[in-house]
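First comes the structure, then the notes that go with it.
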Amino acid sequence: MGEQEVPTGPDKRRIGVMGGTFDPIHHGHLVAASEVAAQFHLDEVVFVPTGQPWQKSHKKVSPAEDRYLMTVIATASNPQFSVSRSDIDRGGPTYTIDTLRDLREVHGDADLFFITGADALAQILTWRDAEELFSLSHFIGVTRPGHVLTDDGLPEGGVSLVEVPALAISSTDCRERVAQGEPVWYLVPDGVVRYIDKRQLYRGE
Ligand SMILES: Nc1ncnc2c1ncn2[C@@H]1O[C@H](COP(=O)(O)OP(=O)(O)OP(=O)(O)O)[C@@H](O)[C@H]1O
Ligand SMILES: O=C(O)c1ccc[n+]([C@@H]2O[C@H](COP(=O)([O-])O)[C@@H](O)[C@H]2O)c1
């Protein structure tokens with residue numbers, strides 16, 4: 001496993017931020033967060049489920065409370081992982097610039113490391129206030145099967161690229177499997193399988 005050197009202040013807490021729609025959260029998200037936490041010696045990874053993901057407004061997205069609870073269930077057993085309601089409670093469309101400002105208020109002068117898959121990293125220049133994002137957090141792009149990981153066009157020194165164990169899992173595929181009556185065991189944590197069943201999510205989609 002690689003060890004990563006990135007600029008940081010002395011004795012500052014190092015906090016990973018894993019933003020996502022998490023509809024549902026799956027093992028691809030969890031492995032990415034775990035691997036980055038290990039390689040970057042993070043003290044904590046905060047998972048932040050989106051409120052309204054504006055770039056997914058053409059898609060049906062499950063209620064925020066269901067996505068929040070699945071994220072809590074999936075991360076509960078890891079003492080390094082926590083979940084923030086910041087994007088959900090702010091209301092309106094979710095912009096990462098707001099997420100990072102909120103986390104800065106809560107975590108003082110900690111170093112923030114925003115974790116994105118290769119697909120999300122490729123879109124980052126379309127995000128609100130893209131140029132300012134890099135002054136609030138370091139960005140970590142992780143490999144994802146089917147996507148090319150590159151920092152082309154992104155600010156020098158603002159992004160690290162990291163190889164994580166390849167899990168060809170997507171939330172879209174999980175939703176489609178449930179809709180077709182196929183299993184999602186071992187693609188998502190056991191408690192999330194049970195929660196999807198209990199709340200009858202993704203049926204008939
Ligand atoms: N299998 C995976 N490997 C690495 N990164 C991933 C993986 N799945 C998702 N990510 C990253 O996790 C973050 C949140 O992803 P998101 O919640 O949109 O999941 P998704 O599987 O891409 O969902 P959907 O299929 O609904 O678009 C994004 O930065 C995304 O790139
Ligand atoms: O800030 C933006 O404009 C922006 C646009 C699209 C996505 N994001 C963030 O990127 C993360 C992954 O988003 P998604 O839609 O792939 O789940 C999540 O934290 C989103 O809030 C942020």
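In the structure tokens, the first chain shown is A, the next is B, and so on; residue numbers restart at 1 for each chain, and ligands run from 1 in the order shown.
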### Task
Would you mind listing what lies within 10 Å of Gly141 in chain A as a VMD selection string, with only C-alpha atoms counted and same-chain residues fewer than 6 positions away left out?
chain A and resid 32 36 114 to 122 149 to 151 159 to 164
Would you write out, as a Markdown table, a table of all residues in chain A that have an atom no more than 6 Å from an atom of ligand 2, listing for each the closest atom pair and the distance in Å to one decimal, considering only C-alpha atoms and all ligand atoms and ordering rows by chain and rising residue number?
| residue | atom | partner | partner_atom_place_in_ligand_line | distance |
| --- | --- | --- | --- | --- |
| A:Gly19 | CA | ligand 2 | 19 (O) | 3.1 |
| A:Gly20 | CA | ligand 2 | 17 (O) | 3.6 |
| A:Thr21 | CA | ligand 2 | 17 (O) | 3.8 |
| A:Thr50 | CA | ligand 2 | 21 (O) | 5.3 |
| A:Pro53 | CA | ligand 2 | 15 (O) | 5.5 |
| A:Gln55 | CA | ligand 2 | 6 (C) | 5.4 |
| A:Thr94 | CA | ligand 2 | 21 (O) | 5.3 |
| A:Tyr95 | CA | ligand 2 | 1 (O) | 3.4 |
| A:Thr96 | CA | ligand 2 | 1 (O) | 3.8 |
| A:Ile97 | CA | ligand 2 | 1 (O) | 5.7 |
| A:Ala120 | CA | ligand 2 | 16 (O) | 5.7 |
| A:Trp127 | CA | ligand 2 | 3 (O) | 3.3 |
| A:Arg128 | CA | ligand 2 | 3 (O) | 4.1 |
### Message
Restricting the calculation to only C-alpha atoms: of A:His138, A:Arg14, A:Arg203, A:Lys60, which residue gets closest to Gly108 in chain A?
### Response
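Looking at the shortest contact to Gly108 in chain A, the residue is A:Arg14.
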### Message
I'd like the contact shell of Asp197 in chain A - 12 Å cut-off, only C-alpha atoms, skipping same-chain residues fewer than 2 positions apart - returned as a PyMOL selection string.
### Response
chain A and resi 66+70+175+178-179+181+183-185+190-195+199-203
### alpha helix (DSSP H) call set, DSSP backbone run, range 2-79 of chain A, as a list in words
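Those residues are His27, Gly28, His29, Leu30, Val31, Ala32, Ala33, Ser34, Glu35, Val36, Ala37, Ala38, Gln39, Ala64, Glu65, Asp66, Arg67, Tyr68, Leu69, Met70, Thr71, Val72, Ile73, Ala74 and Thr75 of chain A.
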Next, write the just-selected residues to a file, as a PDB file, in the first residue's frame, keeping C-alpha atoms as the atom set.
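Result written to selection_16.pdb:
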ATOM      1  CA  HIS A  27     -18.820  -1.070  -0.898  1.00  0.00           C
ATOM      2  CA  GLY A  28     -17.135   0.975  -3.662  1.00  0.00           C
ATOM      3  CA  HIS A  29     -17.679   4.112  -1.546  1.00  0.00           C
ATOM      4  CA  LEU A  30     -16.531   2.423   1.666  1.00  0.00           C
ATOM      5  CA  VAL A  31     -13.375   0.892   0.205  1.00  0.00           C
ATOM      6  CA  ALA A  32     -12.409   4.211  -1.417  1.00  0.00           C
ATOM      7  CA  ALA A  33     -12.786   6.048   1.913  1.00  0.00           C
ATOM      8  CA  SER A  34     -10.940   3.365   3.861  1.00  0.00           C
ATOM      9  CA  GLU A  35      -8.045   3.220   1.415  1.00  0.00           C
ATOM     10  CA  VAL A  36      -7.618   7.005   1.278  1.00  0.00           C
ATOM     11  CA  ALA A  37      -7.810   7.184   5.099  1.00  0.00           C
ATOM     12  CA  ALA A  38      -4.962   4.689   5.336  1.00  0.00           C
ATOM     13  CA  GLN A  39      -2.758   6.186   2.606  1.00  0.00           C
ATOM     14  CA  ALA A  64     -32.679  12.364   1.802  1.00  0.00           C
ATOM     15  CA  GLU A  65     -33.591  10.722   5.131  1.00  0.00           C
ATOM     16  CA  ASP A  66     -33.408   7.241   3.575  1.00  0.00           C
ATOM     17  CA  ARG A  67     -30.015   8.009   2.013  1.00  0.00           C
ATOM     18  CA  TYR A  68     -28.802   9.511   5.298  1.00  0.00           C
ATOM     19  CA  LEU A  69     -29.897   6.486   7.345  1.00  0.00           C
ATOM     20  CA  MET A  70     -28.314   4.019   4.899  1.00  0.00           C
ATOM     21  CA  THR A  71     -25.062   5.984   5.187  1.00  0.00           C
ATOM     22  CA  VAL A  72     -25.235   5.856   8.998  1.00  0.00           C
ATOM     23  CA  ILE A  73     -25.936   2.094   8.942  1.00  0.00           C
ATOM     24  CA  ALA A  74     -23.048   1.453   6.513  1.00  0.00           C
ATOM     25  CA  THR A  75     -20.469   3.462   8.465  1.00  0.00           C
TER      26      THR A  75
END
### Query
What is the distance between CA of Ala168 in chain A and CA of Pro24 in chain A, in Å to one decimal?
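Between these atoms lies a distance of 14.7 Å.
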### Message
Counting only C-alpha atoms, which residue out of A:Val17, A:Ile124, A:Leu187, A:Ile25 sits closest to Ala110 in chain A?
### Response
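So, comparing all the options, the nearest one is A:Val17.
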For Arg13 in chain A, please output as a tab-separated table (two decimals) with N, CA and C atoms, in the first residue's frame all residues within 10 Å (counting only C-alpha atoms; exclusion window: fewer than 4 positions along the same chain).
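Once everything was written out, this is part.tsv:
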chain	number	residue	atom	x	y	z
A	8	THR	N	0.75	19.77	4.72
A	8	THR	CA	-0.14	19.86	5.88
A	8	THR	C	0.57	20.62	6.98
A	9	GLY	N	-0.22	21.20	7.88
A	9	GLY	CA	0.36	21.92	9.00
A	9	GLY	C	0.72	20.97	10.12
A	41	HIS	N	-3.16	8.95	6.09
A	41	HIS	CA	-3.11	9.06	7.56
A	41	HIS	C	-4.20	10.00	8.08
A	42	LEU	N	-5.44	9.78	7.61
A	42	LEU	CA	-6.54	10.65	8.05
A	42	LEU	C	-6.99	10.26	9.45
A	43	ASP	N	-7.41	11.26	10.23
A	43	ASP	CA	-7.95	10.98	11.56
A	43	ASP	C	-9.39	10.53	11.47
A	44	GLU	N	-10.10	10.99	10.44
A	44	GLU	CA	-11.55	10.75	10.34
A	44	GLU	C	-11.96	10.90	8.89
A	107	HIS	N	-14.87	22.19	11.93
A	107	HIS	CA	-13.58	21.55	12.22
A	107	HIS	C	-12.41	22.53	12.30
A	108	GLY	N	-12.70	23.81	12.41
A	108	GLY	CA	-11.65	24.80	12.63
A	108	GLY	C	-10.60	24.75	11.55
A	109	ASP	N	-9.34	24.66	11.95
A	109	ASP	CA	-8.28	24.75	10.94
A	109	ASP	C	-7.76	23.37	10.50
A	110	ALA	N	-8.59	22.33	10.64
A	110	ALA	CA	-8.18	20.99	10.19
A	110	ALA	C	-7.87	21.03	8.69
A	111	ASP	N	-7.01	20.11	8.24
A	111	ASP	CA	-6.77	19.94	6.79
A	111	ASP	C	-7.87	19.05	6.23
A	112	LEU	N	-8.54	19.53	5.18
A	112	LEU	CA	-9.62	18.75	4.56
A	112	LEU	C	-9.13	18.08	3.28
Contacts of Ile169 in chain A at 10 Å (only C-alpha atoms; same-chain gap of 2+ positions) as a short mmCIF file (atom, residue, chain, number, x, y, z; two decimals) with N, CA and C atoms, in the first residue's frame:
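Writing done, so here's out38.cif:
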data_model
loop_
_atom_site.label_atom_id
_atom_site.label_comp_id
_atom_site.auth_asym_id
_atom_site.auth_seq_id
_atom_site.Cartn_x
_atom_site.Cartn_y
_atom_site.Cartn_z
N HIS A 26 -22.60 1.97 -1.20
CA HIS A 26 -22.16 0.60 -1.52
C HIS A 26 -20.69 0.43 -1.14
N HIS A 27 -20.19 -0.79 -1.34
CA HIS A 27 -18.82 -1.07 -0.90
C HIS A 27 -17.76 -0.32 -1.70
N GLY A 28 -18.08 0.14 -2.92
CA GLY A 28 -17.14 0.98 -3.66
C GLY A 28 -16.83 2.26 -2.91
N HIS A 29 -17.88 2.89 -2.34
CA HIS A 29 -17.68 4.11 -1.55
C HIS A 29 -16.83 3.82 -0.31
N ARG A 144 -11.68 4.23 -10.48
CA ARG A 144 -13.00 3.58 -10.52
C ARG A 144 -13.10 2.83 -11.84
N PRO A 145 -13.44 1.52 -11.80
CA PRO A 145 -13.51 0.75 -13.05
C PRO A 145 -14.40 1.44 -14.09
N ALA A 166 -10.20 -2.16 -7.04
CA ALA A 166 -11.23 -1.94 -8.05
C ALA A 166 -12.51 -2.68 -7.72
N LEU A 167 -13.56 -1.95 -7.47
CA LEU A 167 -14.87 -2.56 -7.24
C LEU A 167 -15.82 -1.97 -8.28
N SER A 171 -24.25 2.73 -7.66
CA SER A 171 -25.58 2.82 -7.06
C SER A 171 -26.65 2.54 -8.12
N THR A 172 -26.40 3.01 -9.35
CA THR A 172 -27.37 2.76 -10.43
C THR A 172 -27.58 1.27 -10.61
N ASP A 173 -26.49 0.52 -10.64
CA ASP A 173 -26.59 -0.93 -10.82
C ASP A 173 -27.32 -1.57 -9.63
N CYS A 174 -27.02 -1.10 -8.41
CA CYS A 174 -27.72 -1.65 -7.23
C CYS A 174 -29.21 -1.40 -7.33
N LEU A 187 -22.75 -6.41 -2.30
CA LEU A 187 -22.45 -5.17 -3.04
C LEU A 187 -22.60 -3.98 -2.10
N VAL A 188 -23.59 -4.10 -1.19
CA VAL A 188 -23.80 -3.09 -0.15
C VAL A 188 -23.73 -3.81 1.20
#
### Query
Any idea what the distance is between atom 28 (C, counted along the ligand's line) of ligand 1 and CA of Thr143 in chain A?
10.5 Å
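Taking CA of Ser82 in chain A and CA of Trp54 in chain A as endpoints, the distance between them is 23.8 Å.
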### Query
A:Ile196, A:Leu100, A:Ile15, A:Val61: which is nearest ligand 1, counting only C-alpha atoms and all ligand atoms?
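Selected residue with least distance to ligand 1: A:Val61.
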#### Entry: Spatial neighbours of range 131-135 of chain A, max dist 6 Å, only C-alpha atoms, sep filter under 2 positions, as an MDAnalysis selection string
chainID A and resid 97 129 137 158
### Query
Which one of A:Arg177, A:Lys198, A:Lys59, A:Arg90 sits closest to ligand 1 if you count only C-alpha atoms and all ligand atoms?
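Closest to ligand 1 of all the choices is A:Lys59.
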### Task
May I ask which of the residues A:Gly157, A:Pro93, A:Pro79, A:Pro49 is the closest one to ligand 1, counting only C-alpha atoms and all ligand atoms?
A:Pro49
